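A.B. asks: Here you go, this is data_25.cif (mmCIF, C-alpha atoms, pLDDT in the B column; chains and numbers go by the auth columns).
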```
data_target
loop_
_atom_site.group_PDB
_atom_site.id
_atom_site.type_symbol
_atom_site.label_atom_id
_atom_site.label_comp_id
_atom_site.label_asym_id
_atom_site.label_seq_id
_atom_site.Cartn_x
_atom_site.Cartn_y
_atom_site.Cartn_z
_atom_site.B_iso_or_equiv
_atom_site.auth_seq_id
_atom_site.auth_asym_id
ATOM 1 C CA MET A 1 -37.041 21.841 9.642 54.00 1 A
ATOM 2 C CA SER A 2 -40.309 20.370 11.004 52.00 2 A
ATOM 3 C CA VAL A 3 -43.392 22.369 11.974 52.00 3 A
ATOM 4 C CA SER A 4 -45.474 22.459 15.154 52.00 4 A
ATOM 5 C CA PRO A 5 -48.837 24.143 15.948 55.00 5 A
ATOM 6 C CA ASN A 6 -48.828 27.358 17.984 55.00 6 A
ATOM 7 C CA ALA A 7 -51.479 28.423 20.531 51.00 7 A
ATOM 8 C CA ARG A 8 -53.948 29.273 17.722 52.00 8 A
ATOM 9 C CA GLY A 9 -53.411 25.947 15.972 53.00 9 A
ATOM 10 C CA VAL A 10 -51.349 27.470 13.158 51.00 10 A
ATOM 11 C CA ALA A 11 -48.408 25.422 12.029 51.00 11 A
ATOM 12 C CA VAL A 12 -45.097 27.249 12.445 50.00 12 A
ATOM 13 C CA PRO A 13 -41.491 26.099 11.980 51.00 13 A
ATOM 14 C CA SER A 14 -39.960 24.585 15.080 51.00 14 A
ATOM 15 C CA SER A 15 -36.445 25.855 15.847 47.00 15 A
ATOM 16 C CA ARG A 16 -35.808 22.891 18.128 48.00 16 A
ATOM 17 C CA SER A 17 -36.260 20.305 15.405 44.00 17 A
ATOM 18 C CA PRO A 18 -33.109 18.360 14.587 46.00 18 A
ATOM 19 C CA LEU A 19 -31.437 19.238 11.313 45.00 19 A
ATOM 20 C CA ARG A 20 -31.172 16.523 8.736 45.00 20 A
ATOM 21 C CA ALA A 21 -27.816 15.710 7.241 42.00 21 A
ATOM 22 C CA SER A 22 -27.565 16.432 3.552 41.00 22 A
ATOM 23 C CA PRO A 23 -28.149 13.276 1.492 40.00 23 A
ATOM 24 C CA TYR A 24 -25.236 14.348 -0.701 37.00 24 A
ATOM 25 C CA ARG A 25 -22.710 14.329 2.107 48.00 25 A
ATOM 26 C CA GLY A 26 -21.335 11.017 3.317 53.00 26 A
ATOM 27 C CA PRO A 27 -19.230 10.566 6.425 72.00 27 A
ATOM 28 C CA VAL A 28 -15.499 11.019 6.001 75.00 28 A
ATOM 29 C CA PRO A 29 -13.930 7.525 6.318 85.00 29 A
ATOM 30 C CA TYR A 30 -11.226 8.523 8.792 87.00 30 A
ATOM 31 C CA ARG A 31 -10.267 4.979 9.702 87.00 31 A
ATOM 32 C CA ARG A 32 -9.759 3.989 6.109 90.00 32 A
ATOM 33 C CA LEU A 33 -7.765 7.137 5.379 93.00 33 A
ATOM 34 C CA VAL A 34 -5.487 6.381 8.326 93.00 34 A
ATOM 35 C CA ARG A 35 -5.027 2.849 7.015 92.00 35 A
ATOM 36 C CA LEU A 36 -4.288 4.099 3.522 94.00 36 A
ATOM 37 C CA TYR A 37 -1.562 6.534 4.524 96.00 37 A
ATOM 38 C CA ALA A 38 -0.124 4.363 7.290 96.00 38 A
ATOM 39 C CA GLY A 39 0.091 1.513 4.786 95.00 39 A
ATOM 40 C CA LEU A 40 1.820 3.644 2.154 96.00 40 A
ATOM 41 C CA ALA A 41 4.300 5.044 4.682 97.00 41 A
ATOM 42 C CA LEU A 42 5.050 1.559 6.031 97.00 42 A
ATOM 43 C CA TYR A 43 5.432 0.219 2.505 96.00 43 A
ATOM 44 C CA GLY A 44 8.034 2.827 1.639 96.00 44 A
ATOM 45 C CA PHE A 45 9.794 2.234 4.967 97.00 45 A
ATOM 46 C CA SER A 46 9.922 -1.546 4.437 97.00 46 A
ATOM 47 C CA ASP A 47 11.119 -1.123 0.847 96.00 47 A
ATOM 48 C CA ALA A 48 14.008 1.016 2.078 97.00 48 A
ATOM 49 C CA LEU A 49 14.931 -1.617 4.685 97.00 49 A
ATOM 50 C CA LEU A 50 15.043 -4.230 1.919 96.00 50 A
ATOM 51 C CA VAL A 51 17.379 -1.995 -0.064 96.00 51 A
ATOM 52 C CA ARG A 52 19.596 -1.506 3.001 96.00 52 A
ATOM 53 C CA ALA A 53 19.687 -5.270 3.637 95.00 53 A
ATOM 54 C CA HIS A 54 21.438 -5.594 0.275 94.00 54 A
ATOM 55 C CA VAL A 55 20.544 -9.237 -0.326 95.00 55 A
ATOM 56 C CA GLY A 56 18.135 -8.799 -3.237 95.00 56 A
ATOM 57 C CA LEU A 57 15.016 -6.766 -3.964 95.00 57 A
ATOM 58 C CA ASP A 58 11.522 -7.445 -5.222 94.00 58 A
ATOM 59 C CA PRO A 59 11.122 -7.286 -9.043 94.00 59 A
ATOM 60 C CA TRP A 60 9.911 -3.684 -9.343 94.00 60 A
ATOM 61 C CA ASP A 61 12.582 -2.387 -6.973 96.00 61 A
ATOM 62 C CA VAL A 62 15.255 -4.279 -8.894 96.00 62 A
ATOM 63 C CA PHE A 63 14.094 -2.209 -11.877 96.00 63 A
ATOM 64 C CA HIS A 64 13.975 1.007 -9.844 96.00 64 A
ATOM 65 C CA GLN A 65 17.456 0.430 -8.459 96.00 65 A
ATOM 66 C CA GLY A 66 18.842 -0.300 -11.915 96.00 66 A
ATOM 67 C CA LEU A 67 17.385 2.940 -13.275 97.00 67 A
ATOM 68 C CA SER A 68 18.654 4.802 -10.222 96.00 68 A
ATOM 69 C CA ARG A 69 22.209 3.676 -10.899 95.00 69 A
ATOM 70 C CA HIS A 70 22.070 4.883 -14.494 96.00 70 A
ATOM 71 C CA THR A 71 20.223 8.164 -13.981 95.00 71 A
ATOM 72 C CA GLY A 72 21.754 9.370 -10.727 94.00 72 A
ATOM 73 C CA LEU A 73 18.280 9.835 -9.243 96.00 73 A
ATOM 74 C CA SER A 74 17.414 8.335 -5.863 96.00 74 A
ATOM 75 C CA ILE A 75 15.513 5.064 -5.890 96.00 75 A
ATOM 76 C CA GLY A 76 12.523 6.831 -4.319 96.00 76 A
ATOM 77 C CA VAL A 77 12.383 9.450 -7.061 97.00 77 A
ATOM 78 C CA VAL A 78 12.721 6.732 -9.705 97.00 78 A
ATOM 79 C CA SER A 79 9.826 4.867 -8.062 96.00 79 A
ATOM 80 C CA ILE A 80 7.668 7.991 -8.308 97.00 80 A
ATOM 81 C CA VAL A 81 8.597 8.633 -11.945 96.00 81 A
ATOM 82 C CA VAL A 82 7.995 5.007 -12.949 96.00 82 A
ATOM 83 C CA GLY A 83 4.671 4.977 -11.080 94.00 83 A
ATOM 84 C CA ALA A 84 3.538 8.114 -12.913 95.00 84 A
ATOM 85 C CA ALA A 85 4.653 6.655 -16.261 95.00 85 A
ATOM 86 C CA VAL A 86 2.765 3.413 -15.591 93.00 86 A
ATOM 87 C CA LEU A 87 -0.301 5.449 -14.625 92.00 87 A
ATOM 88 C CA LEU A 88 -0.264 7.049 -18.090 92.00 88 A
ATOM 89 C CA LEU A 89 -0.657 3.553 -19.556 90.00 89 A
ATOM 90 C CA TRP A 90 -4.043 3.324 -17.838 90.00 90 A
ATOM 91 C CA TRP A 91 -5.591 5.710 -20.350 88.00 91 A
ATOM 92 C CA PRO A 92 -5.760 3.347 -23.367 87.00 92 A
ATOM 93 C CA ILE A 93 -7.028 0.439 -21.242 85.00 93 A
ATOM 94 C CA ARG A 94 -9.658 2.640 -19.544 83.00 94 A
ATOM 95 C CA GLN A 95 -8.567 1.915 -16.023 83.00 95 A
ATOM 96 C CA ARG A 96 -9.909 4.313 -13.386 86.00 96 A
ATOM 97 C CA PRO A 97 -7.596 5.659 -10.675 87.00 97 A
ATOM 98 C CA GLY A 98 -8.635 6.407 -7.114 90.00 98 A
ATOM 99 C CA LEU A 99 -7.256 8.378 -4.209 92.00 99 A
ATOM 100 C CA GLY A 100 -5.055 5.444 -3.273 91.00 100 A
ATOM 101 C CA THR A 101 -3.614 5.339 -6.792 92.00 101 A
ATOM 102 C CA VAL A 102 -2.343 8.912 -6.789 93.00 102 A
ATOM 103 C CA SER A 103 -1.231 8.725 -3.151 95.00 103 A
ATOM 104 C CA ASN A 104 0.630 5.518 -3.945 94.00 104 A
ATOM 105 C CA VAL A 105 2.614 7.130 -6.745 94.00 105 A
ATOM 106 C CA VAL A 106 3.841 9.989 -4.561 95.00 106 A
ATOM 107 C CA LEU A 107 4.153 8.647 -1.030 96.00 107 A
ATOM 108 C CA VAL A 108 5.845 5.262 -1.347 96.00 108 A
ATOM 109 C CA GLY A 109 8.859 6.718 -3.134 96.00 109 A
ATOM 110 C CA THR A 110 8.960 9.639 -0.738 97.00 110 A
ATOM 111 C CA PHE A 111 9.111 7.358 2.289 97.00 111 A
ATOM 112 C CA ILE A 112 11.752 5.181 0.640 97.00 112 A
ATOM 113 C CA ASP A 113 14.063 8.180 0.376 97.00 113 A
ATOM 114 C CA LEU A 114 13.225 9.496 3.855 97.00 114 A
ATOM 115 C CA THR A 115 13.995 6.115 5.412 97.00 115 A
ATOM 116 C CA MET A 116 17.207 5.633 3.489 96.00 116 A
ATOM 117 C CA ALA A 117 18.356 9.043 4.689 96.00 117 A
ATOM 118 C CA VAL A 118 18.288 7.853 8.319 96.00 118 A
ATOM 119 C CA VAL A 119 18.935 4.086 8.092 94.00 119 A
ATOM 120 C CA PRO A 120 22.594 3.302 7.312 93.00 120 A
ATOM 121 C CA GLN A 121 24.039 0.518 5.179 90.00 121 A
ATOM 122 C CA TYR A 122 25.194 -2.475 7.240 91.00 122 A
ATOM 123 C CA ALA A 123 28.130 -4.698 6.294 92.00 123 A
ATOM 124 C CA ALA A 124 27.532 -7.624 8.654 93.00 124 A
ATOM 125 C CA LEU A 125 25.411 -10.425 7.203 93.00 125 A
ATOM 126 C CA ALA A 126 24.161 -11.147 10.727 94.00 126 A
ATOM 127 C CA VAL A 127 22.411 -7.772 10.601 95.00 127 A
ATOM 128 C CA ARG A 128 21.379 -7.751 6.952 95.00 128 A
ATOM 129 C CA VAL A 129 19.507 -11.077 6.962 96.00 129 A
ATOM 130 C CA PRO A 130 17.230 -10.170 9.928 96.00 130 A
ATOM 131 C CA LEU A 131 16.750 -6.757 8.299 96.00 131 A
ATOM 132 C CA MET A 132 15.574 -8.468 5.117 96.00 132 A
ATOM 133 C CA VAL A 133 13.136 -10.685 7.044 97.00 133 A
ATOM 134 C CA ALA A 134 11.773 -7.689 8.965 97.00 134 A
ATOM 135 C CA ALA A 135 11.407 -5.731 5.718 97.00 135 A
ATOM 136 C CA VAL A 136 9.350 -8.466 4.048 96.00 136 A
ATOM 137 C CA VAL A 137 7.100 -8.951 7.106 97.00 137 A
ATOM 138 C CA LEU A 138 6.501 -5.195 7.366 97.00 138 A
ATOM 139 C CA ASN A 139 5.823 -5.102 3.642 95.00 139 A
ATOM 140 C CA GLY A 140 3.111 -7.705 4.123 93.00 140 A
ATOM 141 C CA ALA A 141 1.602 -5.658 6.961 95.00 141 A
ATOM 142 C CA ALA A 142 1.697 -2.546 4.776 94.00 142 A
ATOM 143 C CA THR A 143 -0.081 -4.467 2.046 90.00 143 A
ATOM 144 C CA GLY A 144 -2.842 -5.464 4.470 90.00 144 A
ATOM 145 C CA LEU A 145 -3.303 -1.872 5.652 92.00 145 A
ATOM 146 C CA TYR A 146 -3.323 -0.384 2.183 88.00 146 A
ATOM 147 C CA ILE A 147 -5.656 -2.946 0.654 86.00 147 A
ATOM 148 C CA THR A 148 -8.242 -2.858 3.452 88.00 148 A
ATOM 149 C CA ALA A 149 -8.442 0.928 3.001 89.00 149 A
ATOM 150 C CA ARG A 150 -10.104 0.293 -0.401 89.00 150 A
ATOM 151 C CA PHE A 151 -9.151 3.487 -2.206 92.00 151 A
ATOM 152 C CA GLY A 152 -8.206 2.015 -5.553 86.00 152 A
ATOM 153 C CA PRO A 153 -5.306 0.127 -7.133 82.00 153 A
ATOM 154 C CA GLY A 154 -1.759 1.327 -7.262 86.00 154 A
ATOM 155 C CA PRO A 155 -0.429 2.062 -10.755 90.00 155 A
ATOM 156 C CA ARG A 156 1.362 -1.243 -11.331 88.00 156 A
ATOM 157 C CA ASP A 157 -1.444 -3.588 -10.304 82.00 157 A
ATOM 158 C CA GLY A 158 -3.964 -1.340 -12.029 85.00 158 A
ATOM 159 C CA LEU A 159 -2.037 -1.888 -15.250 88.00 159 A
ATOM 160 C CA MET A 160 -2.058 -5.626 -14.616 86.00 160 A
ATOM 161 C CA THR A 161 -5.767 -5.908 -13.897 83.00 161 A
ATOM 162 C CA GLY A 162 -6.611 -3.508 -16.739 87.00 162 A
ATOM 163 C CA LEU A 163 -4.682 -5.630 -19.239 88.00 163 A
ATOM 164 C CA HIS A 164 -6.371 -8.720 -17.840 85.00 164 A
ATOM 165 C CA ARG A 165 -9.794 -7.184 -18.444 85.00 165 A
ATOM 166 C CA ARG A 166 -8.984 -5.896 -21.934 88.00 166 A
ATOM 167 C CA THR A 167 -7.081 -8.903 -23.289 88.00 167 A
ATOM 168 C CA ARG A 168 -8.993 -11.679 -21.494 87.00 168 A
ATOM 169 C CA ARG A 169 -5.669 -13.342 -20.715 88.00 169 A
ATOM 170 C CA SER A 170 -5.219 -14.927 -17.305 85.00 170 A
ATOM 171 C CA LEU A 171 -4.208 -12.591 -14.501 80.00 171 A
ATOM 172 C CA ARG A 172 -1.435 -14.973 -13.492 81.00 172 A
ATOM 173 C CA LEU A 173 0.023 -14.920 -17.009 89.00 173 A
ATOM 174 C CA ILE A 174 -0.101 -11.117 -17.285 89.00 174 A
ATOM 175 C CA ARG A 175 1.351 -10.562 -13.822 84.00 175 A
ATOM 176 C CA THR A 176 4.125 -13.078 -14.387 87.00 176 A
ATOM 177 C CA GLY A 177 4.958 -11.522 -17.741 91.00 177 A
ATOM 178 C CA ILE A 178 5.110 -7.986 -16.321 91.00 178 A
ATOM 179 C CA GLU A 179 7.183 -8.880 -13.273 90.00 179 A
ATOM 180 C CA LEU A 180 9.616 -11.096 -15.173 92.00 180 A
ATOM 181 C CA SER A 181 10.044 -8.290 -17.704 94.00 181 A
ATOM 182 C CA VAL A 182 10.828 -5.629 -15.089 94.00 182 A
ATOM 183 C CA LEU A 183 13.032 -8.089 -13.179 95.00 183 A
ATOM 184 C CA ALA A 184 15.057 -8.887 -16.297 96.00 184 A
ATOM 185 C CA ALA A 185 15.319 -5.223 -17.261 96.00 185 A
ATOM 186 C CA GLY A 186 16.357 -4.288 -13.735 96.00 186 A
ATOM 187 C CA PHE A 187 18.963 -7.042 -13.620 96.00 187 A
ATOM 188 C CA LEU A 188 20.472 -5.871 -16.921 97.00 188 A
ATOM 189 C CA LEU A 189 20.563 -2.330 -15.545 96.00 189 A
ATOM 190 C CA GLY A 190 22.441 -3.486 -12.457 95.00 190 A
ATOM 191 C CA GLY A 191 19.594 -3.814 -9.952 95.00 191 A
ATOM 192 C CA GLY A 192 20.059 -6.131 -6.981 94.00 192 A
ATOM 193 C CA VAL A 193 18.829 -9.695 -7.526 95.00 193 A
ATOM 194 C CA GLY A 194 19.587 -12.253 -4.829 95.00 194 A
ATOM 195 C CA ALA A 195 18.272 -14.399 -2.012 94.00 195 A
ATOM 196 C CA GLY A 196 16.033 -11.546 -0.877 95.00 196 A
ATOM 197 C CA THR A 197 14.291 -11.581 -4.268 95.00 197 A
ATOM 198 C CA VAL A 198 13.423 -15.269 -3.876 95.00 198 A
ATOM 199 C CA PHE A 199 12.422 -14.880 -0.229 95.00 199 A
ATOM 200 C CA TYR A 200 10.161 -11.949 -1.071 93.00 200 A
ATOM 201 C CA ALA A 201 8.466 -13.844 -3.905 91.00 201 A
ATOM 202 C CA LEU A 202 7.762 -16.860 -1.671 91.00 202 A
ATOM 203 C CA ALA A 203 6.729 -14.997 1.486 92.00 203 A
ATOM 204 C CA ILE A 204 4.791 -11.912 0.428 89.00 204 A
ATOM 205 C CA GLY A 205 1.657 -13.756 -0.721 86.00 205 A
ATOM 206 C CA PRO A 206 1.027 -15.665 2.529 91.00 206 A
ATOM 207 C CA LEU A 207 2.017 -12.622 4.606 92.00 207 A
ATOM 208 C CA ALA A 208 -0.329 -10.318 2.707 88.00 208 A
ATOM 209 C CA GLN A 209 -3.167 -12.820 3.088 87.00 209 A
ATOM 210 C CA PHE A 210 -2.540 -13.077 6.837 93.00 210 A
ATOM 211 C CA PHE A 211 -2.516 -9.308 7.346 92.00 211 A
ATOM 212 C CA LEU A 212 -5.577 -8.815 5.153 88.00 212 A
ATOM 213 C CA LYS A 213 -7.549 -11.006 7.551 90.00 213 A
ATOM 214 C CA ARG A 214 -5.908 -9.368 10.553 91.00 214 A
ATOM 215 C CA PHE A 215 -6.737 -5.821 9.474 89.00 215 A
ATOM 216 C CA ALA A 216 -10.196 -6.456 8.006 85.00 216 A
ATOM 217 C CA LEU A 217 -12.793 -3.941 9.176 75.00 217 A
ATOM 218 C CA PRO A 218 -16.151 -5.669 9.792 68.00 218 A
ATOM 219 C CA GLU A 219 -17.877 -2.288 10.049 57.00 219 A
ATOM 220 C CA ASP A 220 -16.706 -1.137 6.623 48.00 220 A
ATOM 221 C CA GLY A 221 -20.127 -1.680 5.115 48.00 221 A
ATOM 222 C CA ALA A 222 -21.792 0.543 7.686 45.00 222 A
ATOM 223 C CA GLU A 223 -19.096 3.203 7.626 46.00 223 A
ATOM 224 C CA GLY A 224 -19.126 3.621 3.897 43.00 224 A
ATOM 225 C CA SER A 225 -22.757 2.838 3.035 40.00 225 A
ATOM 226 C CA GLU A 226 -23.484 6.293 1.639 36.00 226 A
ATOM 227 C CA GLU A 227 -20.202 6.695 -0.152 40.00 227 A
ATOM 228 C CA LYS A 228 -20.483 3.294 -1.812 40.00 228 A
ATOM 229 C CA SER A 229 -24.029 3.712 -3.007 37.00 229 A
ATOM 230 C CA GLY A 230 -23.005 5.085 -6.373 36.00 230 A
ATOM 231 C CA THR A 231 -19.961 2.867 -6.907 36.00 231 A
ATOM 232 C CA PRO A 232 -20.387 -0.196 -9.105 37.00 232 A
ATOM 233 C CA GLU A 233 -19.046 -3.332 -7.504 37.00 233 A
ATOM 234 C CA GLY A 234 -16.787 -5.465 -9.637 37.00 234 A
ATOM 235 C CA PRO A 235 -17.036 -9.242 -9.709 35.00 235 A
ATOM 236 C CA VAL A 236 -15.143 -11.146 -7.097 32.00 236 A
ATOM 237 C CA GLY A 237 -12.324 -12.950 -8.775 33.00 237 A
ATOM 238 C CA ALA A 238 -8.913 -12.357 -10.241 32.00 238 A
ATOM 239 C CA GLY A 239 -7.347 -9.156 -9.104 35.00 239 A
ATOM 240 C CA HIS A 240 -9.486 -8.806 -5.991 37.00 240 A
ATOM 241 C CA GLY A 241 -6.973 -10.113 -3.483 40.00 241 A
ATOM 242 C CA PRO A 242 -3.429 -9.475 -2.398 43.00 242 A
ATOM 243 C CA VAL A 243 -1.053 -9.683 -5.287 45.00 243 A
ATOM 244 C CA PRO A 244 2.349 -11.001 -4.253 42.00 244 A
ATOM 245 C CA GLY A 245 5.399 -9.087 -5.327 43.00 245 A
ATOM 246 C CA SER A 246 6.418 -5.489 -5.290 45.00 246 A
ATOM 247 C CA ALA A 247 3.081 -4.611 -6.813 44.00 247 A
ATOM 248 C CA GLY A 248 1.362 -5.548 -3.578 46.00 248 A
ATOM 249 C CA VAL A 249 0.964 -1.929 -2.576 46.00 249 A
ATOM 250 C CA ARG A 250 2.891 0.280 -4.845 50.00 250 A
ATOM 251 C CA GLY A 251 1.148 -1.486 -7.602 44.00 251 A
ATOM 252 C CA GLY A 252 -1.418 -2.964 -5.351 42.00 252 A
ATOM 253 C CA SER A 253 -5.113 -2.983 -4.965 36.00 253 A
ATOM 254 C CA PRO A 254 -7.556 -5.701 -4.152 35.00 254 A
ATOM 255 C CA GLU A 255 -10.492 -4.037 -5.859 31.00 255 A
ATOM 256 C CA PRO A 256 -9.723 -2.580 -9.284 32.00 256 A
ATOM 257 C CA ALA A 257 -13.411 -2.283 -10.159 33.00 257 A
ATOM 258 C CA ALA A 258 -14.691 -1.048 -6.801 31.00 258 A
ATOM 259 C CA VAL A 259 -12.982 2.132 -5.731 37.00 259 A
ATOM 260 C CA ASP A 260 -14.448 3.840 -2.699 35.00 260 A
ATOM 261 C CA THR A 261 -14.483 7.604 -2.795 33.00 261 A
ATOM 262 C CA ILE A 262 -14.457 10.154 -0.001 34.00 262 A
#
```
Please lay out the structure from this file as structure tokens.
C.D. replies:
Amino acid sequence: MSVSPNARGVAVPSSRSPLRASPYRGPVPYRRLVRLYAGLALYGFSDALLVRAHVGLDPWDVFHQGLSRHTGLSIGVVSIVVGAAVLLLWWPIRQRPGLGTVSNVVLVGTFIDLTMAVVPQYAALAVRVPLMVAAVVLNGAATGLYITARFGPGPRDGLMTGLHRRTRRSLRLIRTGIELSVLAAGFLLGGGVGAGTVFYALAIGPLAQFFLKRFALPEDGAEGSEEKSGTPEGPVGAGHGPVPGSAGVRGGSPEPAAVDTI
């Protein structure tokens, strides 16, 4: 509170002086939070549509579906359990989770199950193919929303970028190895591999890139200036862009070394 002189020239506190905001309190990034949770909800919704299309899933969901068939758990619950298990693997590679990481584990699987409870299975191929295309496009949009929120990597991509940093192997090699492994395991467990798997692999990268540009927030630097001040920025390079595949959101983060906090 500032001071002002009274009639005798003595400085006294002025009650009309504006209060200063605490330097330890940054603004709550409402826009980014909305993007985070809208992206996660849309990701789960689009995943469920891909399951309902029944023409092939992305690699991680092939694995989830295979486990679901053998355990009797819903594919959404399996997604949550697998995400939590993958998150445990972060400890030895010293990967740091963020709000988006934990939210990713819980919400994507939850929205998969909620969507599958209301969207029926269709028999006609004339319905299933457009449903697959819509699912992949919406998945790309969800990726753009989630990534531009900048709240940390999802568990699967965090594992990928953490292994890249610790082993010094190429990100492409590590990602390919992980996704081929889960795809093969899922296929052996009875998960759905088909034309949708190929379409997803070819389309999700360009779609994610398009939506990243579409949803970019030019004012992010101003909105989060205080909250970013203590966060070390990682180098721009591998792992800092949209990662095609199921890991795009559920495992996805563009910035494994730069996690914005609230």
A.B. asks: Could you tell me, as JSON, numbers by chain, exactly which residues end up selected when the PyMOL selection byres ((chain A and resi 179) around 10) is applied to this structure?
C.D. replies: {"A": [58, 59, 60, 63, 156, 160, 174, 175, 176, 177, 178, 180, 181, 182, 183, 184, 185, 245, 246, 247]}
A.B. asks: Given only C-alpha atoms, how would the per-residue table for range 43-64 of chain A near range 118-126 of chain A read, listing every residue at most 8 Å away with its closest atom pair and distance in Å to one decimal, sorted by chain and number, as a Markdown table?
C.D. replies:
```
| residue | atom | partner | partner_atom | distance |
| --- | --- | --- | --- | --- |
| A:Leu49 | CA | A:Val119 | CA | 7.8 |
| A:Arg52 | CA | A:Gln121 | CA | 5.3 |
| A:Ala53 | CA | A:Tyr122 | CA | 7.1 |
```
A.B. asks: Going by the chain IDs and residue numbers used in this file, which residues fall under the PyMOL selection byres ((chain A and resi 83) around 10)? Write them as a ChimeraX atom specification.
C.D. replies: /A:77-82,84-88,101-102,104-106,108-109,154-156,250-251
A.B. asks: Using the chain letters and numbers from the file, give me the residues hit by the PyMOL selection byres ((chain A and resi 67) around 10), as a ChimeraX atom specification.
C.D. replies: /A:61-66,68-75,78-79,82,185-186,189-191
A.B. asks: Find, counting all atoms listed in the file, the residue in A:Leu42, A:Val51, A:Ala149, A:Ile112 that gets nearest to Arg128 in chain A.
C.D. replies: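 Going through A:Leu42, A:Val51, A:Ala149, A:Ile112 one by one, the smallest distance to Arg128 in chain A is for A:Val51.
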A.B. asks: Tell me, in Å to one decimal, how far CA of Gly39 in chain A is from CA of Thr143 in chain A.
C.D. replies: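 According to the coordinates, CA of Gly39 in chain A and CA of Thr143 in chain A are separated by 6.6 Å.
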A.B. asks: One decimal, in Å: what's the spacing between CA of Lys213 in chain A and CA of Arg169 in chain A?
C.D. replies: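 Computing it gives 28.4 Å between the two atoms.
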A.B. asks: Excluding Gly100 in chain A and any residue of its chain fewer than 4 positions from it, enumerate the residues within 9 Å of it, using only C-alpha atoms, and give them as a tab-separated table (two decimals) with C-alpha atoms, keeping the file's coordinate frame.
C.D. replies:
```
chain	number	residue	atom	x	y	z
A	36	LEU	CA	-4.29	4.10	3.52
A	37	TYR	CA	-1.56	6.53	4.52
A	40	LEU	CA	1.82	3.64	2.15
A	104	ASN	CA	0.63	5.52	-3.94
A	105	VAL	CA	2.61	7.13	-6.74
A	146	TYR	CA	-3.32	-0.38	2.18
A	149	ALA	CA	-8.44	0.93	3.00
A	150	ARG	CA	-10.10	0.29	-0.40
A	151	PHE	CA	-9.15	3.49	-2.21
A	152	GLY	CA	-8.21	2.02	-5.55
A	153	PRO	CA	-5.31	0.13	-7.13
A	154	GLY	CA	-1.76	1.33	-7.26
A	253	SER	CA	-5.11	-2.98	-4.96
A	259	VAL	CA	-12.98	2.13	-5.73
```
